[in-house]
Each structure stands twice: as C-alpha cells, then as structure tokens.
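Undergrad: The structure follows.
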Amino acid sequence: MLLIMFKKIFASVTIACLLSSTSVLAIELDEATRTIPATSDGKTMVLTPEQVKRGKRLFNSSCGQCHLGGITKTNPNLGLDTEALSLATPSRNNITGLVDYMKNPTTYDGLESIAEIHPSIKSANIFTRMRSLDESDLVDIAGHILLQPKIVSEKWGGGKIYY
C-alpha cells in the first residue's frame, strides 16, 4: 500500500516537473505578440525569437539596474510603459524613438540633452556598458521594452505599485 502511494506521488511530482520545465522552456510568443511599432507613423516590425531573447538579456545587463520591471528608479512617476513613452517628446513608443533616445537621451519634453546623467551611446565614455552596444543591440533592447506591456501587462512600468 505504501509502495503504491509512493509511486503515485512520485509519478505526480515527475509529471508536474516535466510540465513546468517544458512550459518554461517552450514559451514561444506568436507573431502577433512579437509585432511592435517600428516608427511613429504606424509601421510595425516583427521581432524574431532570437531578438526577444537578446533584447531581454541586453536590457537586463545594460538597463535593468535602473529600469527593472520597466520602472525608473530615479523618477518612479515616469516608467517605460507604453503610455509614458507615447507622451514624451519626441514620442518614444516605437523602435525608432527608443533607439534615438538610447543614442542621445533628452528630457521628457525633448528640450535638453541628459547624456551626462543617463546611459547612452553618446556618453559611452562615462557609462561603459554602452560601449559595446551596436545598432542591432539597441533595436533588440527597444523591442524588449515595447514587448513587455504585451507580456506582463500593467506590471510593466507600474512603479512602486508592483516592485
């Protein structure tokens, strides 16, 4: 009796482990989910699964210290959520806008450069993590930022409410 119960428990645990590890490893986003705004005039692009992986890795290593979960630690009122990005000047809720920002960051109203206080390609001599990033890396990071609201919904950029 004890042996039968042990076998059932072992089988249940084994199946649960297989299902959970398979689902974690096999998470694939469909093309519609991977479609994000490319430009402010409505053009879109579809991220490849590789770009999704690279974007996440690059974001976490280059931006995650200050923007974990899409928040902005230095200003929790301003996150990386789609609404906040769309209200910036110029709009940053697309690949072109975010890549431009990562090259030469400006204040939210777009009037002043903040390259000396925000990591960017322009300030790579100050922020060494930016030195090795090229254009495709910036596109992948921007893709990660724009993809997250589709995956984690309102938690992305939700600030101190969630993190």
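So you can find residues: chains in the structure tokens are A, B, ... in the order shown, residues in each start at 1, and ligands are numbered from 1 in order.
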Running DSSP on the backbone, which parts of stretch 25-104 of chain A land in helix (DSSP H, G or I), as a PyMOL selection string?
TA: chain A and resi 25+31-34+49-62+64-70+82-87+95-103
Undergrad: Taking C-alpha atoms for each residue, export the selection above as a PDB file, in the first residue's frame.
TA:
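Saved to again18.pdb:
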ATOM      1  CA  LEU A  25      11.484  26.336 -21.836  1.00  0.00           C
ATOM      2  CA  GLU A  31       3.932  36.602 -34.368  1.00  0.00           C
ATOM      3  CA  ALA A  32       1.095  38.919 -33.343  1.00  0.00           C
ATOM      4  CA  THR A  33       2.613  39.315 -29.871  1.00  0.00           C
ATOM      5  CA  ARG A  34       6.079  39.907 -31.335  1.00  0.00           C
ATOM      6  CA  PRO A  49      12.536  34.866 -31.179  1.00  0.00           C
ATOM      7  CA  GLU A  50      16.293  35.499 -31.081  1.00  0.00           C
ATOM      8  CA  GLN A  51      15.746  39.268 -30.872  1.00  0.00           C
ATOM      9  CA  VAL A  52      13.320  38.716 -27.997  1.00  0.00           C
ATOM     10  CA  LYS A  53      15.938  36.703 -26.085  1.00  0.00           C
ATOM     11  CA  ARG A  54      18.785  39.087 -26.870  1.00  0.00           C
ATOM     12  CA  GLY A  55      16.683  42.144 -26.057  1.00  0.00           C
ATOM     13  CA  LYS A  56      15.821  40.786 -22.643  1.00  0.00           C
ATOM     14  CA  ARG A  57      19.429  39.843 -21.887  1.00  0.00           C
ATOM     15  CA  LEU A  58      20.806  43.179 -23.088  1.00  0.00           C
ATOM     16  CA  PHE A  59      18.116  45.170 -21.281  1.00  0.00           C
ATOM     17  CA  ASN A  60      18.770  43.350 -18.017  1.00  0.00           C
ATOM     18  CA  SER A  61      22.535  43.835 -18.249  1.00  0.00           C
ATOM     19  CA  SER A  62      22.571  47.402 -19.603  1.00  0.00           C
ATOM     20  CA  GLY A  64      17.953  46.702 -15.645  1.00  0.00           C
ATOM     21  CA  GLN A  65      19.802  48.269 -12.749  1.00  0.00           C
ATOM     22  CA  CYS A  66      17.695  51.429 -13.013  1.00  0.00           C
ATOM     23  CA  HIS A  67      14.709  50.156 -15.013  1.00  0.00           C
ATOM     24  CA  LEU A  68      13.921  46.747 -13.526  1.00  0.00           C
ATOM     25  CA  GLY A  69      10.313  45.925 -14.369  1.00  0.00           C
ATOM     26  CA  GLY A  70      10.032  48.982 -16.590  1.00  0.00           C
ATOM     27  CA  THR A  82       3.566  52.492 -23.464  1.00  0.00           C
ATOM     28  CA  GLU A  83       1.540  55.486 -22.281  1.00  0.00           C
ATOM     29  CA  ALA A  84       4.520  57.254 -20.709  1.00  0.00           C
ATOM     30  CA  LEU A  85       6.638  56.573 -23.794  1.00  0.00           C
ATOM     31  CA  SER A  86       3.925  57.893 -26.114  1.00  0.00           C
ATOM     32  CA  LEU A  87       3.615  61.175 -24.221  1.00  0.00           C
ATOM     33  CA  ILE A  95      11.673  51.330 -32.116  1.00  0.00           C
ATOM     34  CA  THR A  96      12.948  54.456 -33.874  1.00  0.00           C
ATOM     35  CA  GLY A  97      12.117  56.721 -30.925  1.00  0.00           C
ATOM     36  CA  LEU A  98      13.690  54.441 -28.318  1.00  0.00           C
ATOM     37  CA  VAL A  99      16.835  53.805 -30.359  1.00  0.00           C
ATOM     38  CA  ASP A 100      17.204  57.544 -30.863  1.00  0.00           C
ATOM     39  CA  TYR A 101      16.800  58.059 -27.110  1.00  0.00           C
ATOM     40  CA  MET A 102      19.448  55.412 -26.313  1.00  0.00           C
ATOM     41  CA  LYS A 103      21.840  57.182 -28.659  1.00  0.00           C
TER      42      LYS A 103
END
Undergrad: Run DSSP on the backbone and give me the residues of stretch 42-157 of chain A it puts in strand (DSSP E or B), as an MDAnalysis selection string.
TA: chainID A and resid 44:46 106 113
Undergrad: Write the residues of the selection above to a file with C-alpha atoms, as a short mmCIF file (atom, residue, chain, number, x, y, z; two decimals), in the first residue's frame.
TA:
data_model
loop_
_atom_site.label_atom_id
_atom_site.label_comp_id
_atom_site.auth_asym_id
_atom_site.auth_seq_id
_atom_site.Cartn_x
_atom_site.Cartn_y
_atom_site.Cartn_z
CA THR A 44 5.46 47.81 -37.45
CA MET A 45 8.09 45.12 -37.24
CA VAL A 46 8.05 41.54 -36.02
CA THR A 106 16.83 64.07 -23.80
CA SER A 113 20.23 66.57 -23.53
#
Undergrad: Would you mind listing what lies within 7 Å of A:Met130 as a PyMOL selection string, with only C-alpha atoms counted and same-chain residues fewer than 2 positions away left out?
TA: chain A and resi 119-121+124+127-128+132-133
Undergrad: Write the residues of the selection above to a file with all heavy atoms, as a PDB file, in the first residue's frame.
TA:
ATOM      1  N   PRO A 119      22.688  56.757 -19.203  1.00  0.00           N
ATOM      2  CA  PRO A 119      23.497  55.966 -20.133  1.00  0.00           C
ATOM      3  C   PRO A 119      23.008  56.093 -21.567  1.00  0.00           C
ATOM      4  O   PRO A 119      21.809  56.064 -21.834  1.00  0.00           O
ATOM      5  CB  PRO A 119      23.299  54.533 -19.618  1.00  0.00           C
ATOM      6  CG  PRO A 119      22.986  54.698 -18.173  1.00  0.00           C
ATOM      7  CD  PRO A 119      22.176  55.970 -18.087  1.00  0.00           C
ATOM      8  N   SER A 120      23.966  56.245 -22.456  1.00  0.00           N
ATOM      9  CA  SER A 120      23.647  56.358 -23.878  1.00  0.00           C
ATOM     10  C   SER A 120      24.898  56.088 -24.695  1.00  0.00           C
ATOM     11  O   SER A 120      26.001  56.039 -24.158  1.00  0.00           O
ATOM     12  CB  SER A 120      23.123  57.761 -24.203  1.00  0.00           C
ATOM     13  OG  SER A 120      24.149  58.715 -24.017  1.00  0.00           O
ATOM     14  N   ILE A 121      24.704  55.923 -25.978  1.00  0.00           N
ATOM     15  CA  ILE A 121      25.849  55.750 -26.869  1.00  0.00           C
ATOM     16  C   ILE A 121      26.691  57.026 -26.859  1.00  0.00           C
ATOM     17  O   ILE A 121      27.917  56.976 -26.858  1.00  0.00           O
ATOM     18  CB  ILE A 121      25.373  55.412 -28.301  1.00  0.00           C
ATOM     19  CG1 ILE A 121      24.589  54.091 -28.307  1.00  0.00           C
ATOM     20  CG2 ILE A 121      26.536  55.377 -29.278  1.00  0.00           C
ATOM     21  CD1 ILE A 121      25.355  52.880 -27.815  1.00  0.00           C
ATOM     22  N   ALA A 124      29.072  56.982 -23.840  1.00  0.00           N
ATOM     23  CA  ALA A 124      29.689  55.683 -23.586  1.00  0.00           C
ATOM     24  C   ALA A 124      31.020  55.806 -22.849  1.00  0.00           C
ATOM     25  O   ALA A 124      31.455  54.852 -22.206  1.00  0.00           O
ATOM     26  CB  ALA A 124      29.882  54.932 -24.903  1.00  0.00           C
ATOM     27  N   PHE A 127      29.441  55.887 -19.274  1.00  0.00           N
ATOM     28  CA  PHE A 127      28.669  54.674 -18.983  1.00  0.00           C
ATOM     29  C   PHE A 127      29.215  53.525 -19.825  1.00  0.00           C
ATOM     30  O   PHE A 127      28.785  53.306 -20.952  1.00  0.00           O
ATOM     31  CB  PHE A 127      27.183  54.911 -19.259  1.00  0.00           C
ATOM     32  CG  PHE A 127      26.607  56.029 -18.444  1.00  0.00           C
ATOM     33  CD1 PHE A 127      26.419  57.289 -19.004  1.00  0.00           C
ATOM     34  CD2 PHE A 127      26.287  55.848 -17.105  1.00  0.00           C
ATOM     35  CE1 PHE A 127      25.902  58.324 -18.245  1.00  0.00           C
ATOM     36  CE2 PHE A 127      25.783  56.886 -16.343  1.00  0.00           C
ATOM     37  CZ  PHE A 127      25.585  58.125 -16.906  1.00  0.00           C
ATOM     38  N   THR A 128      30.163  52.809 -19.260  1.00  0.00           N
ATOM     39  CA  THR A 128      30.929  51.817 -20.018  1.00  0.00           C
ATOM     40  C   THR A 128      30.088  50.678 -20.579  1.00  0.00           C
ATOM     41  O   THR A 128      30.471  50.082 -21.581  1.00  0.00           O
ATOM     42  CB  THR A 128      32.051  51.231 -19.144  1.00  0.00           C
ATOM     43  OG1 THR A 128      31.479  50.676 -17.958  1.00  0.00           O
ATOM     44  CG2 THR A 128      33.054  52.312 -18.770  1.00  0.00           C
ATOM     45  N   SER A 132      29.864  48.677 -25.904  1.00  0.00           N
ATOM     46  CA  SER A 132      29.847  47.531 -26.810  1.00  0.00           C
ATOM     47  C   SER A 132      28.527  47.359 -27.562  1.00  0.00           C
ATOM     48  O   SER A 132      28.392  46.434 -28.353  1.00  0.00           O
ATOM     49  CB  SER A 132      30.158  46.250 -26.023  1.00  0.00           C
ATOM     50  OG  SER A 132      29.149  46.037 -25.060  1.00  0.00           O
ATOM     51  N   LEU A 133      27.560  48.243 -27.330  1.00  0.00           N
ATOM     52  CA  LEU A 133      26.264  48.096 -27.987  1.00  0.00           C
ATOM     53  C   LEU A 133      26.273  48.715 -29.384  1.00  0.00           C
ATOM     54  O   LEU A 133      26.719  49.840 -29.566  1.00  0.00           O
ATOM     55  CB  LEU A 133      25.165  48.757 -27.143  1.00  0.00           C
ATOM     56  CG  LEU A 133      24.957  48.184 -25.743  1.00  0.00           C
ATOM     57  CD1 LEU A 133      23.878  48.971 -25.016  1.00  0.00           C
ATOM     58  CD2 LEU A 133      24.629  46.709 -25.785  1.00  0.00           C
TER      59      LEU A 133
END
